[in-house]
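Novice: Data: protein_25.pdb, PDB, N, CA, C and O atoms.
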```
ATOM      1  N   MET A 263     109.905 116.927  89.513
ATOM      2  CA  MET A 263     111.327 116.743  89.659
ATOM      3  C   MET A 263     111.648 115.364  90.242
ATOM      4  O   MET A 263     112.641 114.770  89.878
ATOM      5  N   ILE A 264     110.791 114.897  91.146
ATOM      6  CA  ILE A 264     111.034 113.594  91.755
ATOM      7  C   ILE A 264     110.902 112.486  90.720
ATOM      8  O   ILE A 264     111.567 111.454  90.816
ATOM      9  N   TYR A 265     110.075 112.707  89.692
ATOM     10  CA  TYR A 265     109.937 111.707  88.638
ATOM     11  C   TYR A 265     111.218 111.583  87.821
ATOM     12  O   TYR A 265     111.615 110.481  87.454
ATOM     13  N   VAL A 266     111.856 112.703  87.523
ATOM     14  CA  VAL A 266     113.111 112.679  86.758
ATOM     15  C   VAL A 266     114.188 111.979  87.573
ATOM     16  O   VAL A 266     114.936 111.140  87.064
ATOM     17  N   LEU A 267     114.260 112.308  88.858
ATOM     18  CA  LEU A 267     115.242 111.667  89.725
ATOM     19  C   LEU A 267     114.975 110.174  89.833
ATOM     20  O   LEU A 267     115.902 109.361  89.821
ATOM     21  N   SER A 268     113.716 109.795  89.903
ATOM     22  CA  SER A 268     113.374 108.378  89.991
ATOM     23  C   SER A 268     113.711 107.632  88.704
ATOM     24  O   SER A 268     114.032 106.450  88.744
ATOM     25  N   ALA A 269     113.612 108.305  87.589
ATOM     26  CA  ALA A 269     113.939 107.658  86.317
ATOM     27  C   ALA A 269     115.445 107.512  86.133
ATOM     28  O   ALA A 269     115.916 106.508  85.609
ATOM     29  N   LEU A 270     116.210 108.502  86.595
ATOM     30  CA  LEU A 270     117.657 108.473  86.382
ATOM     31  C   LEU A 270     118.414 107.755  87.494
ATOM     32  O   LEU A 270     119.381 107.038  87.225
ATOM     33  N   LEU A 271     118.021 107.969  88.740
ATOM     34  CA  LEU A 271     118.641 107.320  89.903
ATOM     35  C   LEU A 271     117.537 106.709  90.766
ATOM     36  O   LEU A 271     117.144 107.283  91.789
ATOM     37  N   PRO A 272     117.019 105.564  90.351
ATOM     38  CA  PRO A 272     115.825 105.015  90.998
ATOM     39  C   PRO A 272     115.904 104.845  92.521
ATOM     40  O   PRO A 272     114.985 105.294  93.217
ATOM     41  N   PRO A 273     116.952 104.237  93.092
ATOM     42  CA  PRO A 273     116.943 104.076  94.551
ATOM     43  C   PRO A 273     116.953 105.411  95.304
ATOM     44  O   PRO A 273     116.269 105.563  96.317
ATOM     45  N   LEU A 274     117.676 106.376  94.794
ATOM     46  CA  LEU A 274     117.728 107.687  95.446
ATOM     47  C   LEU A 274     116.380 108.391  95.361
ATOM     48  O   LEU A 274     115.918 108.994  96.344
ATOM     49  N   GLY A 275     115.740 108.311  94.219
ATOM     50  CA  GLY A 275     114.419 108.910  94.069
ATOM     51  C   GLY A 275     113.407 108.302  95.023
ATOM     52  O   GLY A 275     112.589 109.004  95.616
ATOM     53  N   LEU A 276     113.468 106.991  95.205
ATOM     54  CA  LEU A 276     112.554 106.325  96.130
ATOM     55  C   LEU A 276     112.864 106.701  97.575
ATOM     56  O   LEU A 276     111.946 106.889  98.381
ATOM     57  N   LEU A 277     114.130 106.794  97.916
ATOM     58  CA  LEU A 277     114.497 107.197  99.277
ATOM     59  C   LEU A 277     114.018 108.609  99.593
ATOM     60  O   LEU A 277     113.479 108.864 100.677
ATOM     61  N   LEU A 278     114.195 109.520  98.662
ATOM     62  CA  LEU A 278     113.766 110.899  98.888
ATOM     63  C   LEU A 278     112.245 111.029  98.909
ATOM     64  O   LEU A 278     111.720 112.002  99.438
ATOM     65  N   ASN A 279     111.558 110.055  98.354
ATOM     66  CA  ASN A 279     110.099 110.057  98.375
ATOM     67  C   ASN A 279     109.556 109.376  99.629
ATOM     68  O   ASN A 279     108.352 109.297  99.822
ATOM     69  N   GLY A 280     110.434 108.866 100.469
ATOM     70  CA  GLY A 280     110.008 108.243 101.719
ATOM     71  C   GLY A 280     109.623 106.785 101.575
ATOM     72  O   GLY A 280     108.734 106.313 102.278
ATOM     73  N   GLN A 281     110.283 106.057 100.684
ATOM     74  CA  GLN A 281     109.988 104.656 100.451
ATOM     75  C   GLN A 281     111.269 103.826 100.558
ATOM     76  O   GLN A 281     111.811 103.355  99.561
ATOM     77  N   PRO A 282     111.763 103.602 101.778
ATOM     78  CA  PRO A 282     113.049 102.900 101.921
ATOM     79  C   PRO A 282     112.998 101.435 101.488
ATOM     80  O   PRO A 282     113.970 100.931 100.927
ATOM     81  N   PHE A 283     111.907 100.734 101.732
ATOM     82  CA  PHE A 283     111.842  99.328 101.338
ATOM     83  C   PHE A 283     111.788  99.177  99.821
ATOM     84  O   PHE A 283     112.392  98.256  99.262
ATOM     85  N   SER A 284     111.088 100.069  99.162
ATOM     86  CA  SER A 284     111.074 100.052  97.699
ATOM     87  C   SER A 284     112.447 100.388  97.139
ATOM     88  O   SER A 284     112.849  99.848  96.107
ATOM     89  N   ALA A 285     113.173 101.270  97.815
ATOM     90  CA  ALA A 285     114.525 101.615  97.364
ATOM     91  C   ALA A 285     115.458 100.418  97.479
ATOM     92  O   ALA A 285     116.269 100.160  96.575
ATOM     93  N   ILE A 286     115.326  99.660  98.557
ATOM     94  CA  ILE A 286     116.153  98.465  98.723
ATOM     95  C   ILE A 286     115.796  97.431  97.663
ATOM     96  O   ILE A 286     116.680  96.817  97.052
ATOM     97  N   PHE A 287     114.502  97.235  97.430
ATOM     98  CA  PHE A 287     114.064  96.302  96.386
ATOM     99  C   PHE A 287     114.571  96.749  95.020
ATOM    100  O   PHE A 287     115.024  95.929  94.216
ATOM    101  N   ASN A 288     114.536  98.040  94.763
ATOM    102  CA  ASN A 288     114.986  98.566  93.481
ATOM    103  C   ASN A 288     116.485  98.361  93.319
ATOM    104  O   ASN A 288     116.950  98.009  92.237
ATOM    105  N   LEU A 289     117.240  98.564  94.371
ATOM    106  CA  LEU A 289     118.680  98.325  94.316
ATOM    107  C   LEU A 289     118.954  96.848  94.041
ATOM    108  O   LEU A 289     119.852  96.509  93.265
ATOM    109  N   PHE A 290     118.165  95.970  94.656
ATOM    110  CA  PHE A 290     118.283  94.531  94.390
ATOM    111  C   PHE A 290     117.992  94.237  92.914
ATOM    112  O   PHE A 290     118.687  93.426  92.294
ATOM    113  N   LEU A 291     116.979  94.880  92.350
ATOM    114  CA  LEU A 291     116.671  94.696  90.929
ATOM    115  C   LEU A 291     117.838  95.143  90.052
ATOM    116  O   LEU A 291     118.177  94.474  89.069
ATOM    117  N   ILE A 292     118.441  96.255  90.393
ATOM    118  CA  ILE A 292     119.562  96.763  89.601
ATOM    119  C   ILE A 292     120.723  95.781  89.633
ATOM    120  O   ILE A 292     121.319  95.463  88.603
ATOM    121  N   VAL A 293     121.035  95.272  90.819
ATOM    122  CA  VAL A 293     122.137  94.314  90.940
ATOM    123  C   VAL A 293     121.809  93.024  90.203
ATOM    124  O   VAL A 293     122.658  92.456  89.508
ATOM    125  N   LEU A 294     120.592  92.562  90.320
ATOM    126  CA  LEU A 294     120.181  91.321  89.666
ATOM    127  C   LEU A 294     120.200  91.456  88.150
ATOM    128  O   LEU A 294     120.693  90.565  87.444
ATOM    129  N   LEU A 295     119.691  92.556  87.639
ATOM    130  CA  LEU A 295     119.589  92.735  86.189
ATOM    131  C   LEU A 295     120.883  93.224  85.552
ATOM    132  O   LEU A 295     121.003  93.232  84.325
ATOM    133  N   ARG A 296     121.848  93.623  86.360
ATOM    134  CA  ARG A 296     123.124  94.088  85.840
ATOM    135  C   ARG A 296     123.820  92.994  85.031
ATOM    136  O   ARG A 296     124.451  93.259  84.016
ATOM    137  N   ASP A 297     123.675  91.746  85.459
ATOM    138  CA  ASP A 297     124.341  90.644  84.777
ATOM    139  C   ASP A 297     123.723  90.341  83.416
ATOM    140  O   ASP A 297     124.380  89.783  82.551
ATOM    141  N   PHE A 298     122.465  90.691  83.223
ATOM    142  CA  PHE A 298     121.771  90.392  81.972
ATOM    143  C   PHE A 298     121.813  91.543  80.970
ATOM    144  O   PHE A 298     121.221  91.440  79.909
ATOM    145  N   ARG A 299     122.496  92.631  81.277
ATOM    146  CA  ARG A 299     122.425  93.797  80.399
ATOM    147  C   ARG A 299     123.080  93.555  79.037
ATOM    148  O   ARG A 299     122.718  94.206  78.067
ATOM    149  N   ALA A 300     124.039  92.637  78.959
ATOM    150  CA  ALA A 300     124.668  92.364  77.664
ATOM    151  C   ALA A 300     123.686  91.691  76.717
ATOM    152  O   ALA A 300     123.696  91.938  75.518
ATOM    153  N   VAL A 301     122.825  90.850  77.253
ATOM    154  CA  VAL A 301     121.875  90.126  76.421
ATOM    155  C   VAL A 301     120.586  90.923  76.233
ATOM    156  O   VAL A 301     120.085  91.075  75.127
ATOM    157  N   PHE A 302     120.045  91.446  77.331
ATOM    158  CA  PHE A 302     118.780  92.173  77.305
ATOM    159  C   PHE A 302     118.996  93.580  77.862
ATOM    160  O   PHE A 302     118.793  93.817  79.046
ATOM    161  N   SER A 303     119.407  94.495  77.021
ATOM    162  CA  SER A 303     119.701  95.843  77.508
ATOM    163  C   SER A 303     118.444  96.578  77.964
ATOM    164  O   SER A 303     118.519  97.486  78.784
ATOM    165  N   LEU A 304     117.281  96.187  77.454
ATOM    166  CA  LEU A 304     116.037  96.840  77.871
ATOM    167  C   LEU A 304     115.645  96.490  79.296
ATOM    168  O   LEU A 304     114.811  97.168  79.891
ATOM    169  N   LEU A 305     116.230  95.440  79.857
ATOM    170  CA  LEU A 305     115.925  95.072  81.237
ATOM    171  C   LEU A 305     116.384  96.136  82.226
ATOM    172  O   LEU A 305     115.887  96.198  83.342
ATOM    173  N   LEU A 306     117.307  96.981  81.814
ATOM    174  CA  LEU A 306     117.759  98.049  82.707
ATOM    175  C   LEU A 306     116.689  99.111  82.900
ATOM    176  O   LEU A 306     116.802  99.943  83.796
ATOM    177  N   LEU A 307     115.656  99.089  82.077
ATOM    178  CA  LEU A 307     114.547 100.031  82.250
ATOM    179  C   LEU A 307     113.582  99.585  83.344
ATOM    180  O   LEU A 307     112.787 100.387  83.821
ATOM    181  N   VAL A 308     113.657  98.327  83.746
ATOM    182  CA  VAL A 308     112.740  97.800  84.752
ATOM    183  C   VAL A 308     112.881  98.530  86.093
ATOM    184  O   VAL A 308     111.867  98.954  86.662
ATOM    185  N   PRO A 309     114.096  98.721  86.641
ATOM    186  CA  PRO A 309     114.183  99.459  87.910
ATOM    187  C   PRO A 309     113.683 100.899  87.803
ATOM    188  O   PRO A 309     113.038 101.397  88.732
ATOM    189  N   SER A 310     113.942 101.551  86.687
ATOM    190  CA  SER A 310     113.458 102.924  86.510
ATOM    191  C   SER A 310     111.937 102.961  86.433
ATOM    192  O   SER A 310     111.301 103.827  87.039
ATOM    193  N   ALA A 311     111.366 102.023  85.708
ATOM    194  CA  ALA A 311     109.904 101.964  85.605
ATOM    195  C   ALA A 311     109.291 101.665  86.976
ATOM    196  O   ALA A 311     108.279 102.268  87.356
ATOM    197  N   HIS A 312     109.906 100.767  87.723
ATOM    198  CA  HIS A 312     109.420 100.452  89.068
ATOM    199  C   HIS A 312     109.439 101.701  89.945
ATOM    200  O   HIS A 312     108.483 101.982  90.667
ATOM    201  N   ALA A 313     110.515 102.468  89.877
ATOM    202  CA  ALA A 313     110.638 103.659  90.714
ATOM    203  C   ALA A 313     109.603 104.713  90.328
ATOM    204  O   ALA A 313     108.971 105.306  91.212
ATOM    205  N   VAL A 314     109.428 104.952  89.051
ATOM    206  CA  VAL A 314     108.468 105.965  88.615
ATOM    207  C   VAL A 314     107.045 105.558  89.006
ATOM    208  O   VAL A 314     106.264 106.382  89.498
ATOM    209  N   ILE A 315     106.708 104.299  88.835
ATOM    210  CA  ILE A 315     105.370 103.829  89.205
ATOM    211  C   ILE A 315     105.167 103.905  90.710
ATOM    212  O   ILE A 315     104.105 104.322  91.188
ATOM    213  N   ALA A 316     106.182 103.531  91.495
ATOM    214  CA  ALA A 316     106.066 103.582  92.953
ATOM    215  C   ALA A 316     105.917 105.018  93.455
ATOM    216  O   ALA A 316     105.119 105.288  94.356
ATOM    217  N   VAL A 317     106.660 105.954  92.861
ATOM    218  CA  VAL A 317     106.545 107.363  93.246
ATOM    219  C   VAL A 317     105.160 107.885  92.899
ATOM    220  O   VAL A 317     104.520 108.583  93.700
ATOM    221  N   HIS A 318     104.662 107.534  91.731
ATOM    222  CA  HIS A 318     103.326 107.980  91.325
ATOM    223  C   HIS A 318     102.256 107.441  92.277
ATOM    224  O   HIS A 318     101.355 108.179  92.699
ATOM    225  N   MET A 319     102.345 106.171  92.619
ATOM    226  CA  MET A 319     101.352 105.573  93.511
ATOM    227  C   MET A 319     101.398 106.213  94.894
ATOM    228  O   MET A 319     100.355 106.466  95.512
ATOM    229  N   LYS A 320     102.587 106.514  95.395
ATOM    230  CA  LYS A 320     102.717 107.145  96.711
ATOM    231  C   LYS A 320     102.132 108.557  96.687
ATOM    232  O   LYS A 320     101.450 108.977  97.623
ATOM    233  N   ARG A 321     102.382 109.306  95.601
ATOM    234  CA  ARG A 321     101.825 110.654  95.491
ATOM    235  C   ARG A 321     100.303 110.618  95.406
ATOM    236  O   ARG A 321      99.623 111.456  95.999
ATOM    237  N   GLU A 322      99.760 109.664  94.665
ATOM    238  CA  GLU A 322      98.308 109.534  94.573
ATOM    239  C   GLU A 322      97.710 109.151  95.926
ATOM    240  O   GLU A 322      96.630 109.622  96.285
ATOM    241  N   GLN A 323      98.399 108.319  96.673
ATOM    242  CA  GLN A 323      97.935 107.942  98.007
ATOM    243  C   GLN A 323      97.903 109.162  98.929
ATOM    244  O   GLN A 323      96.953 109.360  99.687
ATOM    245  N   ARG A 324      98.941 109.989  98.863
ATOM    246  CA  ARG A 324      98.978 111.214  99.674
ATOM    247  C   ARG A 324      97.848 112.165  99.279
ATOM    248  O   ARG A 324      97.190 112.753 100.141
ATOM    249  N   ARG A 325      97.634 112.326  97.983
ATOM    250  CA  ARG A 325      96.575 113.214  97.505
ATOM    251  C   ARG A 325      95.204 112.708  97.955
ATOM    252  O   ARG A 325      94.359 113.485  98.406
ATOM    253  N   HIS A 326      94.990 111.414  97.873
ATOM    254  CA  HIS A 326      93.726 110.830  98.312
ATOM    255  C   HIS A 326      93.523 111.049  99.808
ATOM    256  O   HIS A 326      92.423 111.392 100.249
ATOM    257  N   GLN A 327      94.574 110.886 100.593
ATOM    258  CA  GLN A 327      94.480 111.086 102.035
ATOM    259  C   GLN A 327      94.137 112.539 102.364
ATOM    260  O   GLN A 327      93.367 112.803 103.289
ATOM    261  N   GLU A 328      94.684 113.480 101.608
ATOM    262  CA  GLU A 328      94.362 114.889 101.819
ATOM    263  C   GLU A 328      92.883 115.154 101.548
ATOM    264  O   GLU A 328      92.233 115.896 102.288
ATOM    265  N   VAL A 329      92.344 114.558 100.493
ATOM    266  CA  VAL A 329      90.933 114.744 100.161
ATOM    267  C   VAL A 329      90.052 114.136 101.254
ATOM    268  O   VAL A 329      89.056 114.741 101.674
ATOM    269  N   VAL A 330      90.405 112.962 101.716
ATOM    270  CA  VAL A 330      89.632 112.308 102.773
ATOM    271  C   VAL A 330      89.642 113.151 104.046
ATOM    272  O   VAL A 330      88.601 113.344 104.689
ATOM    273  N   GLU A 331      90.789 113.683 104.408
ATOM    274  CA  GLU A 331      90.886 114.540 105.605
ATOM    275  C   GLU A 331      90.070 115.813 105.435
ATOM    276  O   GLU A 331      89.428 116.273 106.389
ATOM    277  N   ALA A 332      90.070 116.395 104.246
ATOM    278  CA  ALA A 332      89.282 117.602 104.005
ATOM    279  C   ALA A 332      87.792 117.312 104.119
ATOM    280  O   ALA A 332      87.033 118.113 104.679
ATOM    281  N   ILE A 333      87.367 116.168 103.621
ATOM    282  CA  ILE A 333      85.952 115.801 103.723
ATOM    283  C   ILE A 333      85.580 115.542 105.174
ATOM    284  O   ILE A 333      84.498 115.921 105.629
ATOM    285  N   ARG A 334      86.469 114.933 105.931
ATOM    286  CA  ARG A 334      86.190 114.695 107.353
ATOM    287  C   ARG A 334      86.070 116.001 108.132
ATOM    288  O   ARG A 334      85.240 116.121 109.020
ATOM    289  N   GLN A 335      86.901 116.970 107.790
ATOM    290  CA  GLN A 335      86.898 118.247 108.516
ATOM    291  C   GLN A 335      85.720 119.129 108.112
ATOM    292  O   GLN A 335      85.106 119.768 108.952
ATOM    293  N   HIS A 336      85.446 119.209 106.820
ATOM    294  CA  HIS A 336      84.481 120.185 106.323
ATOM    295  C   HIS A 336      83.191 119.582 105.800
ATOM    296  O   HIS A 336      82.293 120.307 105.379
ATOM    297  N   GLY A 337      83.089 118.277 105.757
ATOM    298  CA  GLY A 337      81.906 117.633 105.225
ATOM    299  C   GLY A 337      81.976 117.489 103.728
ATOM    300  O   GLY A 337      82.855 118.041 103.080
ATOM    301  N   PRO A 338      81.031 116.744 103.162
ATOM    302  CA  PRO A 338      81.043 116.543 101.710
ATOM    303  C   PRO A 338      80.708 117.841 100.973
ATOM    304  O   PRO A 338      80.092 118.740 101.527
ATOM    305  N   PRO A 339      81.086 117.949  99.700
ATOM    306  CA  PRO A 339      80.785 119.146  98.935
ATOM    307  C   PRO A 339      79.285 119.316  98.712
ATOM    308  O   PRO A 339      78.511 118.360  98.797
ATOM    309  N   ALA A 340      78.882 120.539  98.435
ATOM    310  CA  ALA A 340      77.467 120.841  98.203
ATOM    311  C   ALA A 340      76.960 120.066  96.992
ATOM    312  O   ALA A 340      77.647 119.971  95.980
ATOM    313  N   GLY A 341      75.771 119.520  97.088
ATOM    314  CA  GLY A 341      75.190 118.771  95.997
ATOM    315  C   GLY A 341      75.663 117.333  95.931
ATOM    316  O   GLY A 341      75.343 116.620  94.999
ATOM    317  N   TYR A 342      76.436 116.884  96.896
ATOM    318  CA  TYR A 342      76.923 115.507  96.921
ATOM    319  C   TYR A 342      75.803 114.585  97.362
ATOM    320  O   TYR A 342      75.202 114.802  98.400
ATOM    321  N   PRO A 343      75.510 113.537  96.590
ATOM    322  CA  PRO A 343      74.406 112.637  96.978
ATOM    323  C   PRO A 343      74.793 111.813  98.211
ATOM    324  O   PRO A 343      75.907 111.341  98.331
ATOM    325  N   ARG A 344      73.853 111.680  99.100
ATOM    326  CA  ARG A 344      74.133 110.922 100.330
ATOM    327  C   ARG A 344      73.455 109.609 100.315
ATOM    328  O   ARG A 344      72.497 109.284  99.877
TER     329      ARG A 344
END
```
Mind turning this structure into structure tokens?
Specialist:
Amino acid sequence: MIYVLSALLPPLGLLLNGQPFSAIFNLFLIVLLRDFRAVFSLLLLVPSAHAVIAVHMKREQRRHQEVVEAIRQHGPPAGYPR
């Protein structure tokens, strides 16, 4: 659901994902690219793409941190080469 929100309302999706600086940067991109939409309408996809990629990277970072914490607590899985 956060991906859909990030694609449709990029700054709000980033804010709800806990990325305020990315949301501000994304809002800056929207304002900057707003003037070029008559010439390059595809440029309006740039803020949405930025938001979706940033949300994905943050989720992957969280997932990786969970795995690292689980390994620290319980040790490596059975059969893991040391």
Novice: Apply DSSP to the backbone of this structure and, from chain A, keep only the residues in helix (DSSP H, G or I); write these as a ChimeraX atom specification.
Specialist: /A:264-270,272-278,282-296,303-336
Novice: Which residue gives the smallest distance to Ala316 (chain A) among A:Arg296, A:Glu328, A:Asn279, A:Leu289, with only N, CA, C and O atoms counted?
Specialist: A:Asn279
Novice: Quick check on the file I pasted: which residues fall under the PyMOL selection byres ((chain A and resi 275) around 8)? Write them as a PyMOL selection string.
Specialist: chain A and resi 263-274+276-281+285+313-314+317
Novice: CA of Pro343 (chain A) to CA of Val330 (chain A): how many Å, to one decimal?
Specialist: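 Taking CA of Pro343 (chain A) and CA of Val330 (chain A), their separation equals 16.3 Å.
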Novice: Calculate how many Å separate CA of His312 (chain A) from atom C of Phe287 (chain A), rounding to one decimal.
Specialist: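 Computing it gives 8.7 Å between the two atoms.
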Novice: By how many Å are atom O of Val293 (chain A) and atom C of Lys320 (chain A) apart?
Specialist: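 Result for atom O of Val293 (chain A) versus atom C of Lys320 (chain A): 27.1 Å, one decimal.
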Novice: Show me the residues close to (119.8, 98.2, 84.5) - anything with an atom within 5 Å, counting only N, CA, C and O atoms - and format the list as a list in words.
Specialist: Leu305, Leu306 and Leu307 of chain A
Novice: Around all the atoms of region 325-332 of chain A listed in the file, draw an axis-aligned box and extend it by 3 Å on each of the six sides; I want its centre and edge lengths in Å to one decimal, as lines of an AutoDock Vina configuration file.
Specialist:
```
center_x = 92.3
center_y = 114.5
center_z = 101.9
size_x = 16.6
size_y = 13.3
size_z = 14.9
```
